[in-house]
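Next comes structure.cif, with mmCIF, C-alpha atoms and all ligand atoms.
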data_model
#
loop_
_atom_site.label_atom_id
_atom_site.label_comp_id
_atom_site.auth_asym_id
_atom_site.auth_seq_id
_atom_site.Cartn_x
_atom_site.Cartn_y
_atom_site.Cartn_z
CA MET A 1 56.93 -11.76 44.87
CA ILE A 2 59.70 -9.39 43.73
CA LYS A 3 61.18 -7.44 46.61
CA THR A 4 62.38 -3.87 46.72
CA THR A 5 65.02 -1.91 48.60
CA ILE A 6 63.99 0.79 51.04
CA ALA A 7 66.57 3.39 52.11
CA ILE A 8 65.89 5.58 55.13
CA ASP A 9 68.35 8.40 55.75
CA GLY A 10 68.27 11.43 57.96
CA PHE A 11 69.61 13.36 60.90
CA SER A 12 70.50 11.78 64.21
CA SER A 13 67.69 10.67 66.49
CA THR A 14 64.91 11.16 63.96
CA GLY A 15 63.43 7.78 64.85
CA LYS A 16 64.70 6.17 61.64
CA SER A 17 65.53 2.86 63.23
CA THR A 18 62.23 2.56 65.12
CA VAL A 19 60.24 3.06 61.96
CA ALA A 20 62.58 0.99 59.81
CA LYS A 21 62.31 -1.98 62.19
CA ARG A 22 58.51 -1.89 62.17
CA LEU A 23 58.39 -1.42 58.43
CA ALA A 24 60.66 -4.39 57.79
CA LYS A 25 58.49 -6.54 60.03
CA ALA A 26 55.27 -5.45 58.31
CA LEU A 27 56.69 -6.13 54.84
CA GLY A 28 58.57 -9.31 55.74
CA TYR A 29 61.85 -7.61 54.86
CA VAL A 30 65.23 -7.67 56.59
CA TYR A 31 66.15 -4.61 58.67
CA VAL A 32 69.75 -3.42 58.73
CA ASP A 33 70.91 -0.66 61.09
CA SER A 34 73.97 0.73 59.30
CA GLY A 35 74.62 3.17 62.17
CA ALA A 36 75.12 0.21 64.49
CA MET A 37 78.06 -0.85 62.33
CA TYR A 38 79.77 2.56 62.65
CA ARG A 39 79.03 2.45 66.36
CA ALA A 40 80.60 -1.01 66.71
CA VAL A 41 83.79 0.16 64.96
CA THR A 42 83.79 3.16 67.32
CA LEU A 43 83.55 0.88 70.37
CA TYR A 44 86.50 -1.09 69.04
CA ALA A 45 88.46 2.16 68.53
CA MET A 46 87.65 3.33 72.07
CA ARG A 47 88.61 0.04 73.67
CA ASN A 48 91.91 -0.04 71.83
CA GLY A 49 92.87 3.56 72.56
CA PHE A 50 92.53 4.84 68.99
CA ILE A 51 90.06 7.52 70.02
CA GLU A 52 89.85 9.48 73.26
CA LEU A 53 88.92 13.05 74.14
CA ASP A 54 92.22 14.52 72.93
CA CYS A 55 93.53 11.75 70.70
CA PHE A 56 92.40 10.36 67.38
CA ASP A 57 94.81 7.82 65.90
CA LYS A 58 93.21 7.25 62.50
CA GLU A 59 96.16 5.41 61.03
CA GLY A 60 96.31 3.05 63.99
CA LEU A 61 92.67 2.15 63.56
CA ILE A 62 92.99 1.76 59.79
CA SER A 63 95.91 -0.63 60.30
CA GLN A 64 93.66 -2.87 62.44
CA LEU A 65 90.54 -2.90 60.30
CA ASP A 66 91.26 -6.51 59.37
CA SER A 67 90.73 -7.50 63.01
CA ILE A 68 87.24 -6.04 63.14
CA ASN A 69 84.39 -8.35 62.30
CA ILE A 70 80.88 -6.99 62.49
CA SER A 71 77.84 -9.19 62.12
CA PHE A 72 74.14 -9.24 62.94
CA LYS A 73 72.25 -12.06 64.61
CA PHE A 74 68.49 -12.15 64.74
CA ASN A 75 67.11 -12.18 68.28
CA PRO A 76 63.63 -13.73 68.10
CA LYS A 77 62.72 -12.37 71.55
CA LEU A 78 63.37 -8.80 70.42
CA GLY A 79 62.21 -9.33 66.84
CA PHE A 80 65.28 -7.75 65.28
CA ALA A 81 68.95 -8.51 64.63
CA GLU A 82 71.49 -7.42 67.21
CA VAL A 83 74.97 -6.27 66.31
CA TYR A 84 78.08 -8.28 67.20
CA LEU A 85 81.67 -7.08 67.31
CA ASN A 86 84.06 -10.01 66.92
CA GLU A 87 81.36 -12.41 68.14
CA GLU A 88 80.47 -10.29 71.20
CA ASN A 89 76.94 -8.94 71.43
CA VAL A 90 77.48 -5.18 71.68
CA GLU A 91 73.92 -4.06 70.93
CA ALA A 92 73.49 -2.26 74.27
CA LEU A 93 77.11 -1.09 74.64
CA ILE A 94 77.10 0.88 71.38
CA ARG A 95 74.08 3.00 72.33
CA THR A 96 75.78 5.04 75.08
CA LEU A 97 76.30 8.78 74.79
CA GLU A 98 80.04 8.13 75.00
CA VAL A 99 80.00 6.10 71.79
CA SER A 100 77.76 8.77 70.22
CA GLN A 101 80.38 11.36 71.12
CA PHE A 102 83.03 9.63 68.99
CA VAL A 103 81.10 7.88 66.24
CA SER A 104 80.87 10.77 63.78
CA GLN A 105 84.65 11.20 63.79
CA ILE A 106 85.11 7.50 63.10
CA ALA A 107 82.54 7.75 60.28
CA THR A 108 84.68 10.33 58.47
CA ILE A 109 87.38 7.71 57.77
CA SER A 110 87.07 6.58 54.14
CA GLU A 111 88.70 3.21 54.81
CA VAL A 112 86.06 2.46 57.46
CA ARG A 113 83.25 3.57 55.14
CA LEU A 114 84.56 1.49 52.27
CA LEU A 115 84.61 -1.63 54.41
CA LEU A 116 81.15 -1.11 55.89
CA VAL A 117 79.47 0.00 52.66
CA LYS A 118 80.70 -3.17 50.94
CA GLN A 119 79.18 -5.28 53.69
CA GLN A 120 75.93 -3.27 53.60
CA GLN A 121 75.62 -3.74 49.86
CA GLY A 122 76.07 -7.46 50.42
CA PHE A 123 73.15 -7.49 52.86
CA GLY A 124 70.97 -5.93 50.15
CA ILE A 125 71.98 -8.15 47.29
CA ASN A 126 68.69 -10.05 47.26
CA LYS A 127 66.60 -6.95 47.93
CA GLY A 128 63.82 -7.15 50.50
CA VAL A 129 65.81 -4.92 52.82
CA VAL A 130 65.08 -1.79 54.83
CA MET A 131 68.33 -0.05 55.75
CA ASP A 132 68.68 3.18 57.69
CA GLY A 133 71.65 5.51 57.97
CA ARG A 134 73.12 8.63 56.42
CA ASP A 135 74.24 7.60 52.93
CA ILE A 136 71.95 4.70 52.09
CA GLY A 137 69.99 6.41 49.32
CA THR A 138 73.02 8.27 47.98
CA VAL A 139 75.92 5.80 48.20
CA VAL A 140 74.95 2.34 49.44
CA PHE A 141 71.78 1.83 47.35
CA PRO A 142 71.53 4.69 44.86
CA ASP A 143 68.98 2.57 42.93
CA ALA A 144 66.69 1.90 45.91
CA GLU A 145 63.04 1.91 44.85
CA LEU A 146 61.98 3.97 47.87
CA LYS A 147 64.11 6.58 49.60
CA LEU A 148 62.99 8.47 52.66
CA PHE A 149 64.76 11.35 54.32
CA MET A 150 63.75 12.05 57.90
CA THR A 151 64.12 15.34 59.69
CA ALA A 152 62.82 16.97 62.87
CA SER A 153 63.88 19.95 64.95
CA ALA A 154 67.08 19.43 66.95
CA VAL A 155 65.23 20.14 70.18
CA LYS A 156 62.61 17.45 69.51
CA ARG A 157 65.27 14.94 68.49
CA ALA A 158 67.39 15.61 71.57
CA GLN A 159 64.36 15.21 73.83
CA ARG A 160 63.51 11.84 72.25
CA ARG A 161 67.08 10.58 72.57
CA TYR A 162 67.37 11.91 76.14
CA ASP A 163 64.15 10.06 77.13
CA GLU A 164 65.49 6.87 75.53
CA LEU A 165 68.81 7.04 77.41
CA ILE A 166 67.16 7.84 80.74
CA LYS A 167 64.79 4.92 80.25
CA ARG A 168 67.80 2.64 79.78
CA GLY A 169 69.19 3.91 83.08
CA ASP A 170 72.02 6.01 81.62
CA GLU A 171 73.06 9.12 83.51
CA VAL A 172 73.02 11.92 80.96
CA THR A 173 71.89 15.53 80.85
CA TYR A 174 69.56 16.95 78.23
CA GLU A 175 72.19 19.61 77.36
CA ASP A 176 74.83 16.97 76.62
CA VAL A 177 72.43 15.05 74.41
CA LEU A 178 71.40 18.19 72.53
CA ASN A 179 75.06 19.15 72.02
CA ASN A 180 75.79 15.68 70.71
CA VAL A 181 72.85 15.71 68.29
CA GLN A 182 73.95 19.09 66.91
CA SER A 183 77.60 18.23 66.70
CA ARG A 184 76.91 14.93 64.90
CA ASP A 185 74.57 16.68 62.45
CA HIS A 186 77.37 19.09 61.66
CA ILE A 187 80.14 16.50 61.23
CA ASP A 188 77.88 14.11 59.28
CA SER A 189 76.70 16.82 56.88
CA THR A 190 80.08 18.44 56.21
CA ARG A 191 82.48 15.46 55.94
CA ASP A 192 84.16 14.93 52.56
CA ASP A 193 83.25 11.26 52.11
CA SER A 194 79.54 10.46 51.70
CA PRO A 195 78.13 13.43 53.61
CA LEU A 196 74.56 13.31 54.85
CA THR A 197 72.47 14.85 52.06
CA MET A 198 69.04 14.11 50.72
CA ALA A 199 69.06 12.09 47.49
CA ASP A 200 67.31 13.93 44.63
CA ASP A 201 64.64 11.25 44.48
CA ALA A 202 64.04 10.94 48.22
CA ILE A 203 60.82 11.89 49.98
CA GLU A 204 61.39 14.22 52.91
CA ILE A 205 59.47 13.59 56.10
CA ASP A 206 59.57 16.11 58.93
CA ASN A 207 58.30 14.20 61.93
CA SER A 208 58.60 17.00 64.52
CA ASN A 209 54.87 16.90 65.01
CA MET A 210 54.09 13.28 64.20
CA ASN A 211 53.86 10.54 66.78
CA LEU A 212 55.38 7.13 66.11
CA GLU A 213 52.08 5.62 65.04
CA GLU A 214 51.23 8.39 62.55
CA GLN A 215 54.70 8.27 61.12
CA PHE A 216 54.65 4.51 60.75
CA GLU A 217 51.22 4.44 59.05
CA PHE A 218 52.33 7.17 56.65
CA ILE A 219 55.56 5.38 55.71
CA LEU A 220 53.90 1.97 55.42
CA LYS A 221 51.36 3.42 52.98
CA LEU A 222 54.13 5.05 50.93
CA SER A 223 56.06 1.78 50.83
CA GLU A 224 53.07 -0.29 49.78
CA GLU A 225 52.28 2.18 47.00
CA LYS A 226 55.88 2.09 45.80
CA ILE A 227 55.99 -1.70 45.85
CA LYS A 228 52.72 -1.87 43.88
CA SER A 229 53.91 0.58 41.25
CA PHE A 230 57.21 -1.26 41.01
CA HIS A 231 55.34 -4.51 40.32
CA LYS A 232 53.18 -2.84 37.67
CA LYS A 233 56.27 -1.45 35.94
CA LYS A 234 57.91 -4.89 36.02
CA ARG A 235 54.87 -6.49 34.38
CA HIS A 236 54.86 -4.02 31.45
O1 LIG A 301 71.89 8.19 66.86
P1 LIG A 301 71.28 7.78 65.58
O2 LIG A 301 70.41 6.58 65.66
O3 LIG A 301 70.60 8.87 64.87
O4 LIG A 301 72.53 7.46 64.68
P2 LIG A 301 73.02 6.10 64.06
O5 LIG A 301 72.16 5.74 62.91
O6 LIG A 301 73.21 5.10 65.13
O7 LIG A 301 74.44 6.52 63.46
C1 LIG A 301 75.51 6.88 64.29
C2 LIG A 301 76.54 7.65 63.48
O8 LIG A 301 77.12 6.77 62.51
C3 LIG A 301 76.04 8.84 62.69
O9 LIG A 301 75.98 10.04 63.45
C4 LIG A 301 77.07 8.91 61.56
O10 LIG A 301 78.22 9.59 61.97
C5 LIG A 301 77.43 7.46 61.32
N1 LIG A 301 76.72 6.86 60.19
C6 LIG A 301 77.20 7.10 58.91
O11 LIG A 301 78.14 7.86 58.74
N2 LIG A 301 76.64 6.48 57.85
C7 LIG A 301 75.60 5.66 58.00
N3 LIG A 301 75.08 5.05 56.93
C8 LIG A 301 75.08 5.41 59.29
C9 LIG A 301 75.65 6.05 60.37
#
Can you give me the file's structure in the form of structure tokens?
Amino acid sequence: MIKTTIAIDGFSSTGKSTVAKRLAKALGYVYVDSGAMYRAVTLYAMRNGFIELDCFDKEGLISQLDSINISFKFNPKLGFAEVYLNEENVEALIRTLEVSQFVSQIATISEVRLLLVKQQQGFGINKGVVMDGRDIGTVVFPDAELKLFMTASAVKRAQRRYDELIKRGDEVTYEDVLNNVQSRDHIDSTRDDSPLTMADDAIEIDNSNMNLEEQFEFILKLSEEKIKSFHKKKRH
């Protein structure tokens, strides 16, 4: 069976990764969380003093990019691949609000993007991949057979992310989460390199008023239709 590439882009906390994970499982595809890679580089930058509240040493970080190795290892208990930074499982550590507060700045660095995009394209070389992020349909896989672009109101997104963080046991306020969602949207959409924009051939999904189940069913149907039509085209 020929496999396709599915690109899911969109604003922060739109539930991209939740739906992408389920979709990959349902289709027997590999799921790649490209945001986790930017988050892992951010954790490295924080630990090594390249980014703090009033300091951002881009050049210092760029000079150490060779020492950063990011990989994914499938965790059968969880049913998805967790992210590793230099062989350390950082899956939980990269999800804090603190990392979220720095990640968009790190993601503006072209040298970082170049490195990660190359690796992401490698993951997709055999197709059969669902990848979510900000530039997947525009830069990483411009030829993806299915491109989705997810949006929802900032207030809804912040509430979802706040609930997630509280459930994990993190001490955060709703206001801080909302500020972070809005500030990341702004930085991600206005940066020079690979800004967050909807690809011309993407399908926009506003999930403000959809629950996870409705959204998943809708996207699964879209994907199955796309895969079918792709097969038909290939046969002709
Ligand atoms: O919090 P959320 O799950 O929405 O974001 P994420 O997918 O974990 O991505 C974290 C950050 O990484 C984004 O806000 C972007 O700054 C950056 N990113 C990017 O620039 N390009 C990607 N393909 C994925 C993430």
**8 Å contact set for stretch 15-17 of chain A, only C-alpha atoms, chain neighbours under 3 positions out, as a PyMOL selection string** = chain A and resi 8-10+20-21+33+132-133+150
**Message:** Neighbouring residues of ligand LIG 301 (chain A) are defined here as those with any atom at most 6 Å from a ligand atom, counting all atoms listed in the file; list them as a ChimeraX atom specification.
**Reply:** /A:12-13,34-36,38,103-104,107,133-136,184,188
Restricting the output to C-alpha atoms, write the selected residues as a PDB file, in the frame of the given file.
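Generated file (out.pdb):
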ATOM      1  CA  SER A  12      70.500  11.780  64.210  1.00  0.00           C
ATOM      2  CA  SER A  13      67.690  10.670  66.490  1.00  0.00           C
ATOM      3  CA  SER A  34      73.970   0.730  59.300  1.00  0.00           C
ATOM      4  CA  GLY A  35      74.620   3.170  62.170  1.00  0.00           C
ATOM      5  CA  ALA A  36      75.120   0.210  64.490  1.00  0.00           C
ATOM      6  CA  TYR A  38      79.770   2.560  62.650  1.00  0.00           C
ATOM      7  CA  VAL A 103      81.100   7.880  66.240  1.00  0.00           C
ATOM      8  CA  SER A 104      80.870  10.770  63.780  1.00  0.00           C
ATOM      9  CA  ALA A 107      82.540   7.750  60.280  1.00  0.00           C
ATOM     10  CA  GLY A 133      71.650   5.510  57.970  1.00  0.00           C
ATOM     11  CA  ARG A 134      73.120   8.630  56.420  1.00  0.00           C
ATOM     12  CA  ASP A 135      74.240   7.600  52.930  1.00  0.00           C
ATOM     13  CA  ILE A 136      71.950   4.700  52.090  1.00  0.00           C
ATOM     14  CA  ARG A 184      76.910  14.930  64.900  1.00  0.00           C
ATOM     15  CA  ASP A 188      77.880  14.110  59.280  1.00  0.00           C
TER      16      ASP A 188
END
**Best match for closeness to A:Asn207 among A:Arg160, A:Ser229, A:Ile6, A:Ala24, counting all atoms listed in the file** = A:Arg160
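If only C-alpha atoms are the atoms counted, then among A:Ser189, A:Thr96, A:Asn69, A:Thr108 the closest residue to A:Arg161 is A:Thr96.
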**Item:** Given all atoms listed in the file as the counted atoms, nearest of A:Val19, A:Leu61, A:Ala40, A:Ile51 to A:Val83
**Value:** A:Ala40
